[in-house]
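Enquirer: Next comes the structure file protein_3.pdb, holding PDB, C-alpha atoms.
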```
ATOM      1  CA  MET A 551      25.893 -33.820 -38.445  1.00  0.00           C
ATOM      2  CA  LYS A 552      23.050 -31.826 -39.982  1.00  0.00           C
ATOM      3  CA  VAL A 553      21.003 -32.907 -42.975  1.00  0.00           C
ATOM      4  CA  LEU A 554      17.898 -31.532 -44.649  1.00  0.00           C
ATOM      5  CA  GLY A 555      14.979 -33.920 -44.299  1.00  0.00           C
ATOM      6  CA  ALA A 556      11.205 -33.700 -44.379  1.00  0.00           C
ATOM      7  CA  ILE A 557       8.143 -34.537 -42.309  1.00  0.00           C
ATOM      8  CA  GLY A 558       5.320 -34.819 -44.780  1.00  0.00           C
ATOM      9  CA  SER A 559       5.861 -31.952 -47.195  1.00  0.00           C
ATOM     10  CA  GLN A 560       7.571 -29.779 -44.592  1.00  0.00           C
ATOM     11  CA  PRO A 561      11.389 -29.483 -44.946  1.00  0.00           C
ATOM     12  CA  VAL A 562      13.145 -29.895 -41.598  1.00  0.00           C
ATOM     13  CA  VAL A 563      16.738 -29.374 -40.507  1.00  0.00           C
ATOM     14  CA  THR A 564      17.706 -32.620 -38.795  1.00  0.00           C
ATOM     15  CA  LEU A 565      20.605 -32.892 -36.367  1.00  0.00           C
ATOM     16  CA  ILE A 566      22.103 -36.389 -36.016  1.00  0.00           C
ATOM     17  CA  ASP A 567      23.529 -36.318 -32.507  1.00  0.00           C
ATOM     18  CA  LEU A 568      25.149 -39.270 -30.748  1.00  0.00           C
ATOM     19  CA  GLY A 569      25.188 -37.221 -27.548  1.00  0.00           C
ATOM     20  CA  ALA A 570      21.385 -37.025 -27.405  1.00  0.00           C
ATOM     21  CA  THR A 571      19.718 -39.895 -25.547  1.00  0.00           C
ATOM     22  CA  HIS A 572      16.283 -39.329 -27.150  1.00  0.00           C
ATOM     23  CA  ASN A 573      14.697 -37.971 -30.307  1.00  0.00           C
ATOM     24  CA  PHE A 574      13.351 -34.416 -30.200  1.00  0.00           C
ATOM     25  CA  ILE A 575      11.151 -32.282 -32.413  1.00  0.00           C
ATOM     26  CA  ALA A 576      10.674 -28.517 -32.231  1.00  0.00           C
ATOM     27  CA  SER A 577       7.476 -27.490 -30.451  1.00  0.00           C
ATOM     28  CA  HIS A 578       6.584 -24.897 -33.075  1.00  0.00           C
ATOM     29  CA  LEU A 579       6.835 -27.587 -35.772  1.00  0.00           C
ATOM     30  CA  VAL A 580       4.465 -29.849 -33.858  1.00  0.00           C
ATOM     31  CA  THR A 581       1.948 -27.014 -33.683  1.00  0.00           C
ATOM     32  CA  SER A 582       2.239 -25.956 -37.330  1.00  0.00           C
ATOM     33  CA  LEU A 583       1.983 -29.538 -38.649  1.00  0.00           C
ATOM     34  CA  GLY A 584      -0.763 -30.529 -36.231  1.00  0.00           C
ATOM     35  CA  ILE A 585       1.163 -33.551 -34.942  1.00  0.00           C
ATOM     36  CA  PRO A 586      -0.763 -35.182 -32.062  1.00  0.00           C
ATOM     37  CA  ILE A 587       0.881 -35.317 -28.637  1.00  0.00           C
ATOM     38  CA  ASP A 588       0.289 -38.177 -26.214  1.00  0.00           C
ATOM     39  CA  GLU A 589       0.273 -37.098 -22.598  1.00  0.00           C
ATOM     40  CA  THR A 590       3.166 -38.074 -20.326  1.00  0.00           C
ATOM     41  CA  GLU A 591       4.582 -36.960 -17.018  1.00  0.00           C
ATOM     42  CA  PRO A 592       6.598 -33.721 -17.198  1.00  0.00           C
ATOM     43  CA  TYR A 593      10.286 -34.291 -17.860  1.00  0.00           C
ATOM     44  CA  GLY A 594      13.459 -32.255 -17.809  1.00  0.00           C
ATOM     45  CA  ILE A 595      16.126 -32.254 -20.503  1.00  0.00           C
ATOM     46  CA  ARG A 596      19.648 -30.891 -20.211  1.00  0.00           C
ATOM     47  CA  MET A 597      20.626 -29.424 -23.563  1.00  0.00           C
ATOM     48  CA  GLY A 598      24.081 -29.442 -25.126  1.00  0.00           C
ATOM     49  CA  THR A 599      24.465 -25.771 -24.164  1.00  0.00           C
ATOM     50  CA  GLY A 600      24.101 -26.675 -20.493  1.00  0.00           C
ATOM     51  CA  ASP A 601      20.611 -25.182 -20.234  1.00  0.00           C
ATOM     52  CA  SER A 602      17.717 -27.226 -18.844  1.00  0.00           C
ATOM     53  CA  GLU A 603      14.374 -27.377 -20.654  1.00  0.00           C
ATOM     54  CA  ARG A 604      11.060 -28.673 -19.369  1.00  0.00           C
ATOM     55  CA  GLY A 605       8.759 -30.693 -21.608  1.00  0.00           C
ATOM     56  CA  ILE A 606       5.659 -32.836 -21.537  1.00  0.00           C
ATOM     57  CA  GLY A 607       4.140 -35.348 -23.945  1.00  0.00           C
ATOM     58  CA  VAL A 608       5.462 -37.462 -26.797  1.00  0.00           C
ATOM     59  CA  CYS A 609       4.764 -37.513 -30.546  1.00  0.00           C
ATOM     60  CA  LYS A 610       4.505 -41.176 -31.535  1.00  0.00           C
ATOM     61  CA  GLY A 611       5.117 -42.704 -34.935  1.00  0.00           C
ATOM     62  CA  VAL A 612       6.440 -39.578 -36.658  1.00  0.00           C
ATOM     63  CA  VAL A 613       7.828 -40.400 -40.105  1.00  0.00           C
ATOM     64  CA  LEU A 614      11.090 -38.589 -40.811  1.00  0.00           C
ATOM     65  CA  HIS A 615      12.221 -38.709 -44.433  1.00  0.00           C
ATOM     66  CA  LEU A 616      16.017 -38.506 -44.874  1.00  0.00           C
ATOM     67  CA  LYS A 617      17.675 -38.868 -48.278  1.00  0.00           C
ATOM     68  CA  GLY A 618      15.236 -41.441 -49.589  1.00  0.00           C
ATOM     69  CA  ILE A 619      14.942 -43.219 -46.228  1.00  0.00           C
ATOM     70  CA  ASP A 620      11.864 -43.197 -44.008  1.00  0.00           C
ATOM     71  CA  ILE A 621      12.589 -43.387 -40.280  1.00  0.00           C
ATOM     72  CA  THR A 622       9.537 -43.853 -38.045  1.00  0.00           C
ATOM     73  CA  GLU A 623      10.258 -42.852 -34.466  1.00  0.00           C
ATOM     74  CA  ASP A 624       8.806 -41.272 -31.330  1.00  0.00           C
ATOM     75  CA  PHE A 625       9.869 -37.684 -30.683  1.00  0.00           C
ATOM     76  CA  LEU A 626       9.701 -35.526 -27.586  1.00  0.00           C
ATOM     77  CA  PRO A 627       8.393 -32.013 -28.344  1.00  0.00           C
ATOM     78  CA  LEU A 628      10.801 -29.415 -27.039  1.00  0.00           C
ATOM     79  CA  ARG A 629      11.927 -25.903 -27.727  1.00  0.00           C
ATOM     80  CA  LEU A 630      15.001 -26.366 -29.907  1.00  0.00           C
ATOM     81  CA  GLY A 631      17.556 -23.948 -31.260  1.00  0.00           C
ATOM     82  CA  SER A 632      18.780 -24.045 -34.859  1.00  0.00           C
ATOM     83  CA  SER A 633      17.428 -27.539 -35.620  1.00  0.00           C
ATOM     84  CA  ASP A 634      13.866 -28.693 -36.244  1.00  0.00           C
ATOM     85  CA  VAL A 635      14.525 -32.330 -35.373  1.00  0.00           C
ATOM     86  CA  ILE A 636      17.194 -34.094 -33.315  1.00  0.00           C
ATOM     87  CA  LEU A 637      17.766 -37.760 -34.083  1.00  0.00           C
ATOM     88  CA  GLY A 638      19.494 -39.167 -31.011  1.00  0.00           C
ATOM     89  CA  MET A 639      20.568 -42.598 -29.810  1.00  0.00           C
ATOM     90  CA  GLN A 640      16.931 -43.627 -29.413  1.00  0.00           C
ATOM     91  CA  GLY A 641      16.563 -43.572 -33.196  1.00  0.00           C
ATOM     92  CA  LEU A 642      20.138 -44.296 -34.253  1.00  0.00           C
ATOM     93  CA  GLU A 643      20.331 -47.600 -32.387  1.00  0.00           C
ATOM     94  CA  THR A 644      17.484 -48.955 -34.544  1.00  0.00           C
ATOM     95  CA  LEU A 645      19.651 -48.534 -37.654  1.00  0.00           C
ATOM     96  CA  GLY A 646      21.900 -51.411 -36.612  1.00  0.00           C
ATOM     97  CA  LEU A 647      25.519 -51.443 -37.690  1.00  0.00           C
ATOM     98  CA  THR A 648      26.523 -48.029 -39.043  1.00  0.00           C
ATOM     99  CA  LYS A 649      29.705 -46.746 -40.639  1.00  0.00           C
ATOM    100  CA  THR A 650      30.203 -43.083 -39.829  1.00  0.00           C
ATOM    101  CA  ASN A 651      32.882 -40.643 -40.965  1.00  0.00           C
ATOM    102  CA  TRP A 652      32.414 -37.544 -38.841  1.00  0.00           C
ATOM    103  CA  LYS A 653      35.131 -35.599 -40.673  1.00  0.00           C
ATOM    104  CA  GLU A 654      33.444 -36.112 -44.025  1.00  0.00           C
ATOM    105  CA  GLN A 655      30.018 -36.127 -42.343  1.00  0.00           C
ATOM    106  CA  THR A 656      28.766 -39.350 -43.911  1.00  0.00           C
ATOM    107  CA  MET A 657      26.826 -42.270 -42.446  1.00  0.00           C
ATOM    108  CA  GLU A 658      26.192 -45.648 -44.076  1.00  0.00           C
ATOM    109  CA  PHE A 659      23.952 -48.518 -42.913  1.00  0.00           C
ATOM    110  CA  GLU A 660      21.857 -51.348 -44.314  1.00  0.00           C
ATOM    111  CA  VAL A 661      18.140 -50.906 -45.036  1.00  0.00           C
ATOM    112  CA  ASN A 662      16.179 -53.807 -46.542  1.00  0.00           C
ATOM    113  CA  GLY A 663      19.308 -55.387 -47.994  1.00  0.00           C
ATOM    114  CA  ARG A 664      20.685 -52.234 -49.585  1.00  0.00           C
ATOM    115  CA  THR A 665      23.249 -49.700 -48.392  1.00  0.00           C
ATOM    116  CA  ALA A 666      21.800 -46.354 -47.421  1.00  0.00           C
ATOM    117  CA  ARG A 667      24.070 -43.318 -47.233  1.00  0.00           C
ATOM    118  CA  ILE A 668      23.388 -40.010 -45.509  1.00  0.00           C
ATOM    119  CA  VAL A 669      25.641 -37.033 -46.236  1.00  0.00           C
ATOM    120  CA  GLY A 670      25.624 -34.060 -43.901  1.00  0.00           C
ATOM    121  CA  ASP A 671      25.162 -30.551 -45.240  1.00  0.00           C
ATOM    122  CA  LYS A 672      27.881 -28.338 -43.741  1.00  0.00           C
ATOM    123  CA  SER A 673      26.046 -25.174 -44.761  1.00  0.00           C
ATOM    124  CA  LEU A 674      23.294 -26.032 -42.263  1.00  0.00           C
ATOM    125  CA  GLY A 675      25.797 -25.651 -39.430  1.00  0.00           C
ATOM    126  CA  LYS A 676      25.640 -21.882 -39.813  1.00  0.00           C
ATOM    127  CA  SER A 677      22.661 -20.395 -38.057  1.00  0.00           C
ATOM    128  CA  LEU A 678      21.467 -17.028 -36.823  1.00  0.00           C
ATOM    129  CA  ILE A 679      21.072 -16.278 -33.145  1.00  0.00           C
ATOM    130  CA  SER A 680      18.549 -13.926 -31.610  1.00  0.00           C
ATOM    131  CA  LEU A 681      19.693 -10.933 -29.587  1.00  0.00           C
ATOM    132  CA  LYS A 682      17.954 -12.334 -26.505  1.00  0.00           C
ATOM    133  CA  ALA A 683      19.694 -15.722 -26.801  1.00  0.00           C
ATOM    134  CA  MET A 684      23.049 -14.052 -27.390  1.00  0.00           C
ATOM    135  CA  ALA A 685      22.640 -11.822 -24.317  1.00  0.00           C
ATOM    136  CA  ARG A 686      21.653 -14.843 -22.198  1.00  0.00           C
ATOM    137  CA  THR A 687      24.726 -16.778 -23.354  1.00  0.00           C
ATOM    138  CA  LEU A 688      27.108 -13.881 -22.690  1.00  0.00           C
ATOM    139  CA  SER A 689      25.681 -13.263 -19.212  1.00  0.00           C
ATOM    140  CA  LYS A 690      26.597 -16.772 -18.040  1.00  0.00           C
ATOM    141  CA  ASP A 691      30.343 -16.321 -18.439  1.00  0.00           C
ATOM    142  CA  PRO A 692      32.166 -13.040 -17.703  1.00  0.00           C
ATOM    143  CA  ASN A 693      35.073 -14.186 -19.889  1.00  0.00           C
ATOM    144  CA  ARG A 694      33.002 -14.192 -23.073  1.00  0.00           C
ATOM    145  CA  TYR A 695      33.177 -11.294 -25.488  1.00  0.00           C
ATOM    146  CA  LEU A 696      31.126 -10.136 -28.421  1.00  0.00           C
ATOM    147  CA  ILE A 697      33.165  -8.918 -31.374  1.00  0.00           C
ATOM    148  CA  GLU A 698      31.467  -7.392 -34.389  1.00  0.00           C
ATOM    149  CA  LEU A 699      33.252  -7.195 -37.731  1.00  0.00           C
ATOM    150  CA  SER A 700      31.900  -5.015 -40.486  1.00  0.00           C
ATOM    151  CA  ASN A 701      33.005  -3.411 -43.722  1.00  0.00           C
ATOM    152  CA  THR A 702      33.415   0.340 -43.919  1.00  0.00           C
ATOM    153  CA  GLU A 703      32.728   1.865 -47.286  1.00  0.00           C
ATOM    154  CA  PHE A 704      34.029   5.268 -48.292  1.00  0.00           C
ATOM    155  CA  GLU A 705      32.174   7.328 -50.822  1.00  0.00           C
ATOM    156  CA  VAL A 706      34.555   8.825 -53.353  1.00  0.00           C
ATOM    157  CA  THR A 707      33.685  12.451 -54.063  1.00  0.00           C
ATOM    158  CA  PRO A 708      34.023  13.200 -57.770  1.00  0.00           C
ATOM    159  CA  PRO A 709      36.418  16.039 -58.591  1.00  0.00           C
ATOM    160  CA  ALA A 710      34.876  19.469 -58.992  1.00  0.00           C
ATOM    161  CA  LEU A 711      34.331  20.533 -62.577  1.00  0.00           C
ATOM    162  CA  VAL A 712      36.625  23.331 -63.727  1.00  0.00           C
ATOM    163  CA  PRO A 713      34.960  26.130 -65.712  1.00  0.00           C
ATOM    164  CA  PRO A 714      36.115  26.220 -69.341  1.00  0.00           C
ATOM    165  CA  PHE A 715      37.601  29.731 -69.052  1.00  0.00           C
ATOM    166  CA  LEU A 716      40.086  28.452 -66.410  1.00  0.00           C
ATOM    167  CA  GLN A 717      41.260  25.405 -68.327  1.00  0.00           C
ATOM    168  CA  ASP A 718      43.911  27.319 -70.356  1.00  0.00           C
ATOM    169  CA  ILE A 719      45.372  29.008 -67.237  1.00  0.00           C
ATOM    170  CA  LEU A 720      45.522  25.767 -65.286  1.00  0.00           C
ATOM    171  CA  SER A 721      47.202  24.002 -68.170  1.00  0.00           C
ATOM    172  CA  GLN A 722      49.737  26.814 -68.576  1.00  0.00           C
ATOM    173  CA  PHE A 723      50.735  26.790 -64.879  1.00  0.00           C
ATOM    174  CA  GLU A 724      50.144  23.112 -64.232  1.00  0.00           C
ATOM    175  CA  CYS A 725      53.403  22.717 -62.299  1.00  0.00           C
ATOM    176  CA  LEU A 726      52.156  25.159 -59.662  1.00  0.00           C
ATOM    177  CA  PHE A 727      49.141  23.008 -58.825  1.00  0.00           C
ATOM    178  CA  GLN A 728      50.942  19.715 -58.370  1.00  0.00           C
ATOM    179  CA  GLU A 729      51.048  18.068 -54.931  1.00  0.00           C
ATOM    180  CA  PRO A 730      54.496  18.589 -53.332  1.00  0.00           C
ATOM    181  CA  THR A 731      56.696  15.504 -53.391  1.00  0.00           C
ATOM    182  CA  GLY A 732      59.746  16.796 -51.512  1.00  0.00           C
ATOM    183  CA  LEU A 733      61.413  19.793 -49.937  1.00  0.00           C
ATOM    184  CA  PRO A 734      61.116  23.240 -51.535  1.00  0.00           C
ATOM    185  CA  PRO A 735      63.857  24.050 -54.076  1.00  0.00           C
ATOM    186  CA  PRO A 736      66.807  26.210 -52.897  1.00  0.00           C
ATOM    187  CA  ARG A 737      66.308  29.969 -53.236  1.00  0.00           C
ATOM    188  CA  ALA A 738      68.830  32.822 -53.616  1.00  0.00           C
ATOM    189  CA  LEU A 739      67.251  34.504 -50.599  1.00  0.00           C
ATOM    190  CA  GLU A 740      65.734  32.126 -48.100  1.00  0.00           C
ATOM    191  CA  HIS A 741      64.416  34.617 -45.515  1.00  0.00           C
ATOM    192  CA  LYS A 742      64.750  38.331 -44.786  1.00  0.00           C
ATOM    193  CA  ILE A 743      63.237  40.652 -42.187  1.00  0.00           C
ATOM    194  CA  ILE A 744      63.524  44.347 -42.967  1.00  0.00           C
ATOM    195  CA  THR A 745      63.636  46.477 -39.806  1.00  0.00           C
ATOM    196  CA  LYS A 746      63.302  50.188 -39.391  1.00  0.00           C
ATOM    197  CA  GLU A 747      66.630  51.998 -39.582  1.00  0.00           C
ATOM    198  CA  GLY A 748      67.980  52.753 -36.105  1.00  0.00           C
ATOM    199  CA  ALA A 749      65.494  50.487 -34.345  1.00  0.00           C
ATOM    200  CA  ALA A 750      66.735  48.575 -31.271  1.00  0.00           C
ATOM    201  CA  PRO A 751      66.819  44.774 -31.309  1.00  0.00           C
ATOM    202  CA  VAL A 752      63.564  43.170 -30.395  1.00  0.00           C
ATOM    203  CA  SER A 753      65.187  40.516 -28.221  1.00  0.00           C
ATOM    204  CA  VAL A 754      68.168  41.089 -25.916  1.00  0.00           C
ATOM    205  CA  ARG A 755      70.147  38.623 -23.864  1.00  0.00           C
ATOM    206  CA  PRO A 756      69.336  38.529 -20.152  1.00  0.00           C
ATOM    207  CA  TYR A 757      71.805  40.029 -17.665  1.00  0.00           C
TER     208      TYR A 757
END
```
Rewrite the structure of this file - the entire thing - as structure tokens.
Expert:
Amino acid sequence: MKVLGAIGSQPVVTLIDLGATHNFIASHLVTSLGIPIDETEPYGIRMGTGDSERGIGVCKGVVLHLKGIDITEDFLPLRLGSSDVILGMQGLETLGLTKTNWKEQTMEFEVNGRTARIVGDKSLGKSLISLKAMARTLSKDPNRYLIELSNTEFEVTPPALVPPFLQDILSQFECLFQEPTGLPPPRALEHKIITKEGAAPVSVRPY
């Protein structure tokens, strides 16, 4: 489930992922917002794509604003794909009892005695992919194919302008300039070859 949130005044695309054990924040976002990083031992993370990423450090006490709700959590800085923030089980388990409809992409839980509701934005599920990332993905499986669909536009050439002095002739013999729609009409003489008198046949039967 993806939802548009904010860290400070910066809009962030947040992925709510039950399959993620921790919370993650994009490294470039940490740099641009100047979020401090506390040192930790290096760690390895296996992403949902099957790739492994190496990271170090943790951003503590980051306030993530989602639909009128402030969630304060620790986030591991990592190079992410189409999301700026991943809210995993580390953050979701602090919400207590939740009611989630994954088909409708809604999540409800109690915050300070009131019901909070988060609605996913399906349009955020569509993302661009770089050529380098696409080539890396295709190279891992020989059974994958890249199919490109595009529209082909034909430019219609406007008909040539007919000089005024030809308009009367074309109108008079309009039937001669029509596209044929069938076989030619029957003629009194279909075909005739006039040969020279006394000339021998051109083709003779073999012996």
Enquirer: Grab the atom CA of Val553 of chain A to atom CA of Trp652 of chain A distance for me, in Å with one decimal place.
Expert: 13.0 Å
Enquirer: Would you work out the distance separating atom CA of Gln640 of chain A from atom CA of Ile619 of chain A, expressed in Å to one decimal?
Expert: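 These two atoms are separated by 16.9 Å.
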Enquirer: For a quick check of understanding, using all atoms listed in the file, which of A:Leu647, A:Ala685, A:Ala750, A:Met657 has the smallest distance to Gly670 of chain A?
Expert: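 Nearest to Gly670 of chain A: A:Met657.
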Enquirer: Contacts of Leu554 of chain A at 9 Å or less, counting all atoms listed in the file, minus same-chain residues fewer than 5 places along, as a list in words?
Expert: Pro561, Val562, Val563, Thr564, Leu565, Leu616, Lys617, Gly670, Asp671 and Leu674 of chain A
Enquirer: Kindly give the distance, in Å, that separates atom CA of Tyr695 of chain A and atom CA of Ile595 of chain A, rounded to a single decimal.
Expert: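 So the two atoms, atom CA of Tyr695 of chain A and atom CA of Ile595 of chain A, lie 27.5 Å apart.
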Enquirer: Find the residue from A:His741, A:Arg629, A:Lys610, A:His615 that sits nearest to Ile668 of chain A; use all atoms listed in the file when measuring.
Expert: A:His615
